[in-house]
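**Q** Pasting a structure below so you can have a look.
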Amino acid sequence: MVDSHAHYDNERFEADRDAVIRRSFESGVTRIINPGCDIGSSMAAIGLAETHPGFFAAVGFHPHEASAYLEGDMERLKALCSHPKVIAVGEIGLDYHYDYSPRQVQREVFKRHIELARCVRKPLILHDRESHRDVMDLVRSEKGWEVGGVFHCWSGSREMADEALEMGFHIGIGGSVTFRNANRLLDVAAHVPDERLLIETDCPYMAPEPHRGQRNWSGLLSLVLERLAAIRGTTAAALDCITTDNAVRLFKLPC
Ligand code: NI
């Protein structure tokens, strides 16, 4: 399994970070991708990638942190992109649920990240919460489809998923697929084509049932895989092969 979205630089792993990562790799997870949320967390992700062989980093400003973005940060991110274990630009996008940064600022910072990704030729790791229309429009107008990527923790409609798929993007599905109120997500989870599906934990958030509300970690990824396999009428082993191949191909991970 590849955990295509995890935040081990998060403060909730302060006490036992390296131990949890090691246990994750002992639990059947072969690779972990850790997106950054600002410059500091992107550098922390790279530090972890230098420590753990199966660990990879993405760099960027999360929409929550868009207000903290300063002139010159794009040059710093670009420099980080030349690190051999940086495999994507992310976590970037828009979040109109929390609105921690003004929407206009979020959109501007998002555009610059798409430009960066096209410049360094790396895929996008996208965050989209209650901002589906604007994310989709910006990815289209800024030519994000040139590099592709993944809409992580998918929460949109099936129609919107079709639009993302048509642009060549992957759909990342995590612990929310195990929640009782996941009706709309179940429909998407059942219909994403095999070759576009990724699995993720988004840890420390989004712990799957029966651990909902607890600190999440990559060892719980098998619960997402098993639920998805059941929804899609296949086996966990078969879906593991498919989603692992997809992540390896999209992020050009070493085998
Ligand atoms: Ni995330």
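Residues are referred to by chain and number: the chain letter is A, B, ... according to the order shown in the structure tokens, the number counts from 1 in that chain, and ligands are numbered separately from 1 in the order shown.
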Excluding same-chain residues fewer than 3 positions from Ile46 (chain A), what lies within 9 Å of it counting only C-alpha atoms, as number ranges by chain?
**A** A: 34, 36, 41-43, 49-51, 55-59, 80, 83, 85-86
**Q** Could those residues be written to a file, using N, CA, C and O atoms, as a PDB file, in the first residue's frame?
**A**
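Once written, again18.pdb looks like this:
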ATOM      1  N   ASN A  34       4.161  12.746   2.124  1.00  0.00           N
ATOM      2  CA  ASN A  34       3.840  13.777   3.112  1.00  0.00           C
ATOM      3  C   ASN A  34       3.860  15.160   2.464  1.00  0.00           C
ATOM      4  O   ASN A  34       4.919  15.710   2.203  1.00  0.00           O
ATOM      5  N   GLY A  36       3.507  19.262   2.249  1.00  0.00           N
ATOM      6  CA  GLY A  36       3.775  20.357   3.175  1.00  0.00           C
ATOM      7  C   GLY A  36       2.601  21.309   3.242  1.00  0.00           C
ATOM      8  O   GLY A  36       1.714  21.293   2.385  1.00  0.00           O
ATOM      9  N   SER A  41       6.871  23.350   7.177  1.00  0.00           N
ATOM     10  CA  SER A  41       6.368  21.974   7.177  1.00  0.00           C
ATOM     11  C   SER A  41       6.848  21.226   5.930  1.00  0.00           C
ATOM     12  O   SER A  41       7.077  20.012   5.978  1.00  0.00           O
ATOM     13  N   SER A  42       7.045  21.937   4.821  1.00  0.00           N
ATOM     14  CA  SER A  42       7.613  21.293   3.624  1.00  0.00           C
ATOM     15  C   SER A  42       9.053  20.832   3.922  1.00  0.00           C
ATOM     16  O   SER A  42       9.444  19.727   3.541  1.00  0.00           O
ATOM     17  N   MET A  43       9.799  21.670   4.622  1.00  0.00           N
ATOM     18  CA  MET A  43      11.176  21.290   4.963  1.00  0.00           C
ATOM     19  C   MET A  43      11.194  20.142   5.966  1.00  0.00           C
ATOM     20  O   MET A  43      12.046  19.252   5.891  1.00  0.00           O
ATOM     21  N   ALA A  49      11.774  12.490   4.906  1.00  0.00           N
ATOM     22  CA  ALA A  49      12.062  11.697   3.709  1.00  0.00           C
ATOM     23  C   ALA A  49      13.545  11.313   3.651  1.00  0.00           C
ATOM     24  O   ALA A  49      13.907  10.270   3.106  1.00  0.00           O
ATOM     25  N   GLU A  50      14.385  12.164   4.225  1.00  0.00           N
ATOM     26  CA  GLU A  50      15.815  11.844   4.254  1.00  0.00           C
ATOM     27  C   GLU A  50      16.120  10.763   5.287  1.00  0.00           C
ATOM     28  O   GLU A  50      17.107  10.051   5.176  1.00  0.00           O
ATOM     29  N   THR A  51      15.247  10.648   6.289  1.00  0.00           N
ATOM     30  CA  THR A  51      15.456   9.669   7.362  1.00  0.00           C
ATOM     31  C   THR A  51      14.900   8.294   7.004  1.00  0.00           C
ATOM     32  O   THR A  51      15.500   7.276   7.334  1.00  0.00           O
ATOM     33  N   PHE A  55       9.767   7.071   2.379  1.00  0.00           N
ATOM     34  CA  PHE A  55       9.034   8.310   2.686  1.00  0.00           C
ATOM     35  C   PHE A  55       9.359   9.384   1.650  1.00  0.00           C
ATOM     36  O   PHE A  55      10.519   9.589   1.305  1.00  0.00           O
ATOM     37  N   PHE A  56       8.314  10.061   1.131  1.00  0.00           N
ATOM     38  CA  PHE A  56       8.508  11.093   0.110  1.00  0.00           C
ATOM     39  C   PHE A  56       7.759  12.369   0.519  1.00  0.00           C
ATOM     40  O   PHE A  56       6.809  12.306   1.297  1.00  0.00           O
ATOM     41  N   ALA A  57       8.205  13.494  -0.030  1.00  0.00           N
ATOM     42  CA  ALA A  57       7.636  14.783   0.364  1.00  0.00           C
ATOM     43  C   ALA A  57       7.041  15.513  -0.833  1.00  0.00           C
ATOM     44  O   ALA A  57       7.455  15.316  -1.975  1.00  0.00           O
ATOM     45  N   ALA A  58       6.035  16.352  -0.545  1.00  0.00           N
ATOM     46  CA  ALA A  58       5.571  17.355  -1.506  1.00  0.00           C
ATOM     47  C   ALA A  58       5.738  18.701  -0.807  1.00  0.00           C
ATOM     48  O   ALA A  58       5.753  18.771   0.425  1.00  0.00           O
ATOM     49  N   VAL A  59       5.853  19.765  -1.594  1.00  0.00           N
ATOM     50  CA  VAL A  59       6.078  21.080  -0.994  1.00  0.00           C
ATOM     51  C   VAL A  59       5.042  22.080  -1.486  1.00  0.00           C
ATOM     52  O   VAL A  59       4.602  22.032  -2.635  1.00  0.00           O
ATOM     53  N   LEU A  80      13.425  23.791  -3.231  1.00  0.00           N
ATOM     54  CA  LEU A  80      13.120  22.530  -2.532  1.00  0.00           C
ATOM     55  C   LEU A  80      12.708  21.442  -3.526  1.00  0.00           C
ATOM     56  O   LEU A  80      12.953  20.252  -3.306  1.00  0.00           O
ATOM     57  N   HIS A  83      15.065  18.691  -4.702  1.00  0.00           N
ATOM     58  CA  HIS A  83      15.451  17.578  -3.823  1.00  0.00           C
ATOM     59  C   HIS A  83      14.923  16.266  -4.419  1.00  0.00           C
ATOM     60  O   HIS A  83      13.763  16.207  -4.838  1.00  0.00           O
ATOM     61  N   LYS A  85      13.765  13.619  -3.238  1.00  0.00           N
ATOM     62  CA  LYS A  85      12.591  12.980  -2.625  1.00  0.00           C
ATOM     63  C   LYS A  85      11.349  13.872  -2.626  1.00  0.00           C
ATOM     64  O   LYS A  85      10.329  13.517  -2.049  1.00  0.00           O
ATOM     65  N   VAL A  86      11.426  14.994  -3.292  1.00  0.00           N
ATOM     66  CA  VAL A  86      10.234  15.829  -3.472  1.00  0.00           C
ATOM     67  C   VAL A  86       9.572  15.410  -4.780  1.00  0.00           C
ATOM     68  O   VAL A  86      10.150  15.557  -5.853  1.00  0.00           O
TER      69      VAL A  86
END
**Q** May I ask you to write as a list in words all residues lying at most 7 Å from ligand 1, with only C-alpha atoms and all ligand atoms counted?
**A**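 These are the residues that qualify: His5, Ala6, His7, Pro35, Glu91 and Asp202 of chain A.
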**Q** Okay, now the selection with all heavy atoms, as a PDB file, in the first residue's frame?
**A**
ATOM      1  N   HIS A   5      -1.181  10.361   1.187  1.00  0.00           N
ATOM      2  CA  HIS A   5      -1.384  11.676   1.825  1.00  0.00           C
ATOM      3  C   HIS A   5      -1.322  11.528   3.348  1.00  0.00           C
ATOM      4  O   HIS A   5      -2.244  10.993   3.959  1.00  0.00           O
ATOM      5  CB  HIS A   5      -2.733  12.251   1.405  1.00  0.00           C
ATOM      6  CG  HIS A   5      -2.861  13.719   1.634  1.00  0.00           C
ATOM      7  ND1 HIS A   5      -2.845  14.636   0.605  1.00  0.00           N
ATOM      8  CD2 HIS A   5      -2.985  14.445   2.774  1.00  0.00           C
ATOM      9  CE1 HIS A   5      -2.970  15.859   1.104  1.00  0.00           C
ATOM     10  NE2 HIS A   5      -3.065  15.770   2.423  1.00  0.00           N
ATOM     11  N   ALA A   6      -0.225  11.997   3.935  1.00  0.00           N
ATOM     12  CA  ALA A   6      -0.057  11.900   5.390  1.00  0.00           C
ATOM     13  C   ALA A   6       0.710  13.122   5.878  1.00  0.00           C
ATOM     14  O   ALA A   6       1.540  13.670   5.154  1.00  0.00           O
ATOM     15  CB  ALA A   6       0.704  10.633   5.746  1.00  0.00           C
ATOM     16  N   HIS A   7       0.405  13.546   7.107  1.00  0.00           N
ATOM     17  CA  HIS A   7       1.063  14.745   7.662  1.00  0.00           C
ATOM     18  C   HIS A   7       1.836  14.370   8.924  1.00  0.00           C
ATOM     19  O   HIS A   7       1.411  14.679  10.037  1.00  0.00           O
ATOM     20  CB  HIS A   7       0.023  15.816   7.987  1.00  0.00           C
ATOM     21  CG  HIS A   7      -0.703  16.351   6.793  1.00  0.00           C
ATOM     22  ND1 HIS A   7      -0.142  17.265   5.936  1.00  0.00           N
ATOM     23  CD2 HIS A   7      -1.931  16.084   6.292  1.00  0.00           C
ATOM     24  CE1 HIS A   7      -1.003  17.559   4.969  1.00  0.00           C
ATOM     25  NE2 HIS A   7      -2.100  16.837   5.160  1.00  0.00           N
ATOM     26  N   PRO A  35       2.688  15.732   2.163  1.00  0.00           N
ATOM     27  CA  PRO A  35       2.665  17.094   1.613  1.00  0.00           C
ATOM     28  C   PRO A  35       2.995  18.118   2.694  1.00  0.00           C
ATOM     29  O   PRO A  35       2.733  17.886   3.881  1.00  0.00           O
ATOM     30  CB  PRO A  35       1.218  17.268   1.142  1.00  0.00           C
ATOM     31  CG  PRO A  35       0.511  15.993   1.427  1.00  0.00           C
ATOM     32  CD  PRO A  35       1.339  15.185   2.346  1.00  0.00           C
ATOM     33  N   GLU A  91       0.543  20.635  -0.249  1.00  0.00           N
ATOM     34  CA  GLU A  91      -0.877  20.493  -0.484  1.00  0.00           C
ATOM     35  C   GLU A  91      -1.453  21.870  -0.808  1.00  0.00           C
ATOM     36  O   GLU A  91      -1.343  22.781   0.014  1.00  0.00           O
ATOM     37  CB  GLU A  91      -1.522  19.898   0.763  1.00  0.00           C
ATOM     38  CG  GLU A  91      -3.017  19.962   0.808  1.00  0.00           C
ATOM     39  CD  GLU A  91      -3.598  19.187   1.999  1.00  0.00           C
ATOM     40  OE1 GLU A  91      -2.841  18.610   2.800  1.00  0.00           O
ATOM     41  OE2 GLU A  91      -4.823  19.177   2.121  1.00  0.00           O
ATOM     42  N   ASP A 202      -4.525  10.814   5.268  1.00  0.00           N
ATOM     43  CA  ASP A 202      -4.612  12.211   5.707  1.00  0.00           C
ATOM     44  C   ASP A 202      -4.337  12.303   7.202  1.00  0.00           C
ATOM     45  O   ASP A 202      -4.845  13.198   7.880  1.00  0.00           O
ATOM     46  CB  ASP A 202      -5.985  12.827   5.372  1.00  0.00           C
ATOM     47  CG  ASP A 202      -5.967  14.349   5.386  1.00  0.00           C
ATOM     48  OD1 ASP A 202      -4.860  14.945   5.320  1.00  0.00           O
ATOM     49  OD2 ASP A 202      -7.043  14.957   5.488  1.00  0.00           O
TER      50      ASP A 202
END
**Q** Need to verify the contact set: Glu26 (chain A), 12 Å, only C-alpha atoms, exclusion of same-chain residues closer than 3 positions in sequence. Can you return it as a list in words?
**A**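 The filter keeps Met1, Ala19, Val20, Ile21, Arg22, Arg23, Val29, Thr30, Arg31, Gly54, Ser218 and Gly219 of chain A.
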**Q** Just the selected residues (all heavy atoms), exported as a PDB file, in the first residue's frame, please.
**A**
ATOM      1  N   MET A   1       0.840  -1.206   0.000  1.00  0.00           N
ATOM      2  CA  MET A   1       0.000   0.000   0.000  1.00  0.00           C
ATOM      3  C   MET A   1       0.873   1.254   0.000  1.00  0.00           C
ATOM      4  O   MET A   1       1.923   1.292   0.634  1.00  0.00           O
ATOM      5  CB  MET A   1      -0.854   0.035   1.281  1.00  0.00           C
ATOM      6  CG  MET A   1      -2.003  -0.964   1.299  1.00  0.00           C
ATOM      7  SD  MET A   1      -2.897  -0.887   2.883  1.00  0.00           S
ATOM      8  CE  MET A   1      -1.755  -1.753   3.948  1.00  0.00           C
ATOM      9  N   ALA A  19       8.856   6.569  15.446  1.00  0.00           N
ATOM     10  CA  ALA A  19       8.367   5.239  15.819  1.00  0.00           C
ATOM     11  C   ALA A  19       7.084   4.907  15.046  1.00  0.00           C
ATOM     12  O   ALA A  19       6.910   3.778  14.564  1.00  0.00           O
ATOM     13  CB  ALA A  19       8.110   5.176  17.329  1.00  0.00           C
ATOM     14  N   VAL A  20       6.184   5.884  14.904  1.00  0.00           N
ATOM     15  CA  VAL A  20       4.930   5.636  14.179  1.00  0.00           C
ATOM     16  C   VAL A  20       5.221   5.375  12.700  1.00  0.00           C
ATOM     17  O   VAL A  20       4.621   4.487  12.083  1.00  0.00           O
ATOM     18  CB  VAL A  20       3.938   6.817  14.341  1.00  0.00           C
ATOM     19  CG1 VAL A  20       2.689   6.595  13.504  1.00  0.00           C
ATOM     20  CG2 VAL A  20       3.571   7.011  15.793  1.00  0.00           C
ATOM     21  N   ILE A  21       6.161   6.121  12.134  1.00  0.00           N
ATOM     22  CA  ILE A  21       6.518   5.907  10.722  1.00  0.00           C
ATOM     23  C   ILE A  21       7.117   4.509  10.548  1.00  0.00           C
ATOM     24  O   ILE A  21       6.757   3.778   9.617  1.00  0.00           O
ATOM     25  CB  ILE A  21       7.489   7.004  10.226  1.00  0.00           C
ATOM     26  CG1 ILE A  21       6.775   8.368  10.211  1.00  0.00           C
ATOM     27  CG2 ILE A  21       8.028   6.667   8.839  1.00  0.00           C
ATOM     28  CD1 ILE A  21       7.681   9.566   9.961  1.00  0.00           C
ATOM     29  N   ARG A  22       8.005   4.126  11.440  1.00  0.00           N
ATOM     30  CA  ARG A  22       8.597   2.780  11.352  1.00  0.00           C
ATOM     31  C   ARG A  22       7.529   1.698  11.462  1.00  0.00           C
ATOM     32  O   ARG A  22       7.510   0.735  10.702  1.00  0.00           O
ATOM     33  CB  ARG A  22       9.670   2.590  12.437  1.00  0.00           C
ATOM     34  CG  ARG A  22      11.064   3.086  12.011  1.00  0.00           C
ATOM     35  CD  ARG A  22      12.158   2.520  12.906  1.00  0.00           C
ATOM     36  NE  ARG A  22      11.917   2.871  14.309  1.00  0.00           N
ATOM     37  CZ  ARG A  22      12.320   4.035  14.860  1.00  0.00           C
ATOM     38  NH1 ARG A  22      12.969   4.930  14.140  1.00  0.00           N
ATOM     39  NH2 ARG A  22      12.078   4.278  16.127  1.00  0.00           N
ATOM     40  N   ARG A  23       6.602   1.878  12.408  1.00  0.00           N
ATOM     41  CA  ARG A  23       5.523   0.886  12.568  1.00  0.00           C
ATOM     42  C   ARG A  23       4.633   0.848  11.326  1.00  0.00           C
ATOM     43  O   ARG A  23       4.131  -0.201  10.936  1.00  0.00           O
ATOM     44  CB  ARG A  23       4.670   1.224  13.799  1.00  0.00           C
ATOM     45  CG  ARG A  23       5.144   0.513  15.069  1.00  0.00           C
ATOM     46  CD  ARG A  23       4.088   0.564  16.150  1.00  0.00           C
ATOM     47  NE  ARG A  23       3.958   1.913  16.684  1.00  0.00           N
ATOM     48  CZ  ARG A  23       2.815   2.521  16.947  1.00  0.00           C
ATOM     49  NH1 ARG A  23       1.659   1.907  16.732  1.00  0.00           N
ATOM     50  NH2 ARG A  23       2.799   3.753  17.426  1.00  0.00           N
ATOM     51  N   VAL A  29       2.445  -0.946   4.688  1.00  0.00           N
ATOM     52  CA  VAL A  29       2.574   0.271   3.873  1.00  0.00           C
ATOM     53  C   VAL A  29       4.014   0.322   3.366  1.00  0.00           C
ATOM     54  O   VAL A  29       4.951   0.189   4.145  1.00  0.00           O
ATOM     55  CB  VAL A  29       2.244   1.531   4.705  1.00  0.00           C
ATOM     56  CG1 VAL A  29       2.569   2.797   3.946  1.00  0.00           C
ATOM     57  CG2 VAL A  29       0.780   1.506   5.115  1.00  0.00           C
ATOM     58  N   THR A  30       4.186   0.471   2.044  1.00  0.00           N
ATOM     59  CA  THR A  30       5.547   0.458   1.497  1.00  0.00           C
ATOM     60  C   THR A  30       6.088   1.864   1.255  1.00  0.00           C
ATOM     61  O   THR A  30       7.297   2.073   1.250  1.00  0.00           O
ATOM     62  CB  THR A  30       5.584  -0.309   0.158  1.00  0.00           C
ATOM     63  OG1 THR A  30       4.617   0.269  -0.732  1.00  0.00           O
ATOM     64  CG2 THR A  30       5.266  -1.781   0.376  1.00  0.00           C
ATOM     65  N   ARG A  31       5.155   2.822   1.038  1.00  0.00           N
ATOM     66  CA  ARG A  31       5.589   4.190   0.796  1.00  0.00           C
ATOM     67  C   ARG A  31       4.583   5.163   1.396  1.00  0.00           C
ATOM     68  O   ARG A  31       3.376   4.888   1.414  1.00  0.00           O
ATOM     69  CB  ARG A  31       5.736   4.481  -0.696  1.00  0.00           C
ATOM     70  CG  ARG A  31       6.745   3.570  -1.409  1.00  0.00           C
ATOM     71  CD  ARG A  31       6.715   3.809  -2.886  1.00  0.00           C
ATOM     72  NE  ARG A  31       7.382   2.792  -3.666  1.00  0.00           N
ATOM     73  CZ  ARG A  31       6.845   1.624  -4.010  1.00  0.00           C
ATOM     74  NH1 ARG A  31       5.626   1.295  -3.600  1.00  0.00           N
ATOM     75  NH2 ARG A  31       7.531   0.766  -4.749  1.00  0.00           N
ATOM     76  N   GLY A  54      11.243   4.811   2.488  1.00  0.00           N
ATOM     77  CA  GLY A  54       9.991   4.774   1.729  1.00  0.00           C
ATOM     78  C   GLY A  54       9.167   6.045   1.834  1.00  0.00           C
ATOM     79  O   GLY A  54       8.016   6.071   1.419  1.00  0.00           O
ATOM     80  N   SER A 218      -0.717   5.630   9.397  1.00  0.00           N
ATOM     81  CA  SER A 218      -0.743   4.845   8.161  1.00  0.00           C
ATOM     82  C   SER A 218      -1.093   3.382   8.392  1.00  0.00           C
ATOM     83  O   SER A 218      -1.521   2.697   7.457  1.00  0.00           O
ATOM     84  CB  SER A 218       0.606   4.947   7.447  1.00  0.00           C
ATOM     85  OG  SER A 218       0.927   6.299   7.199  1.00  0.00           O
ATOM     86  N   GLY A 219      -0.935   2.898   9.612  1.00  0.00           N
ATOM     87  CA  GLY A 219      -1.307   1.520   9.923  1.00  0.00           C
ATOM     88  C   GLY A 219      -2.804   1.272   9.775  1.00  0.00           C
ATOM     89  O   GLY A 219      -3.241   0.123   9.689  1.00  0.00           O
TER      90      GLY A 219
END
**Q** Going by DSSP on the backbone, which bits of region 32-234 of chain A are alpha helix (DSSP H)? Write them as number ranges by chain, please.
**A** A: 39-51, 73-80, 103-120, 132-141, 158-166, 183-191, 221-232
**Q** Rank nothing, just name the residue among A:Leu186, A:Val177, A:Ile33, A:Ile125 nearest to Phe61 (chain A), using only C-alpha atoms.
**A**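 For Phe61 (chain A), the nearest of the candidates is A:Ile125.
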**Q** To one decimal place, how far is CA of His127 (chain A) from CA of Gln106 (chain A) in Å?
**A**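 Straight-line distance from CA of His127 (chain A) to CA of Gln106 (chain A) works out to 11.4 Å.
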**Q** For a quick check of understanding, using only C-alpha atoms, which of A:Asp134, A:Leu197, A:Trp154, A:Ala45 has the smallest distance to Ile87 (chain A)?
**A**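 Ranked by minimum distance to Ile87 (chain A), first place goes to A:Ala45.
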**Q** Please provide the set of residues having any atom within 7 Å of Glu65 (chain A), restricted to only C-alpha atoms, with same-chain residues fewer than 4 positions apart removed, written as a list in words.
**A**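 Residues meeting the cut-off are Cys37, Asp38, Phe61 and Ser101 of chain A.
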**Q** Which residues are near Cys203 (chain A)? Cut-off 10 Å, only C-alpha atoms, ignore same chain within fewer than 5 positions. Put them as a list in words.
**A**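 So the residues in contact are Asp3, His5, Ala6, His7, Tyr8, Asn10, Arg12, Phe13, Asn34, Gly174, Gly175, Gln214, Arg215, Asn216, Trp217, Ser218, Leu220 and Leu221 of chain A.
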**Q** Mind giving me the straight-line distance from CA of Met136 (chain A) to CA of Ala117 (chain A) in Å, one decimal?
**A**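 If I compute the distance from CA of Met136 (chain A) to CA of Ala117 (chain A), I get 16.2 Å.
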**Q** Using only C-alpha atoms, which of the listed residues (A:Ala15, A:Leu228, A:Ala161, A:Ile171) sits closest to Ala190 (chain A)?
**A** A:Leu228
**Q** What is the distance between CA of Leu124 (chain A) and CA of Glu163 (chain A), in Å to one decimal?
**A** 16.0 Å
**Q** Nearest residue to Pro193 (chain A) out of A:His97, A:Arg212, A:His170, A:Arg118, using only C-alpha atoms?
**A**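 Smallest distance to Pro193 (chain A) is found for A:His170.
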**Q** Measuring atom to atom with only C-alpha atoms, identify which of A:Arg121, A:Tyr69, A:Asn246, A:Arg184 is nearest to Gly172 (chain A).
**A**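 Answer, going by the shortest atom-to-atom distance: A:Asn246.
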**Q** Using only C-alpha atoms, which protein or nucleic acid residues come within 12 Å of region 235-239 of chain A? Drop anything in the same chain fewer than 2 positions from it, and give the result as a ChimeraX atom specification.
**A** /A:1-2,28,193-199,221-233,241-246
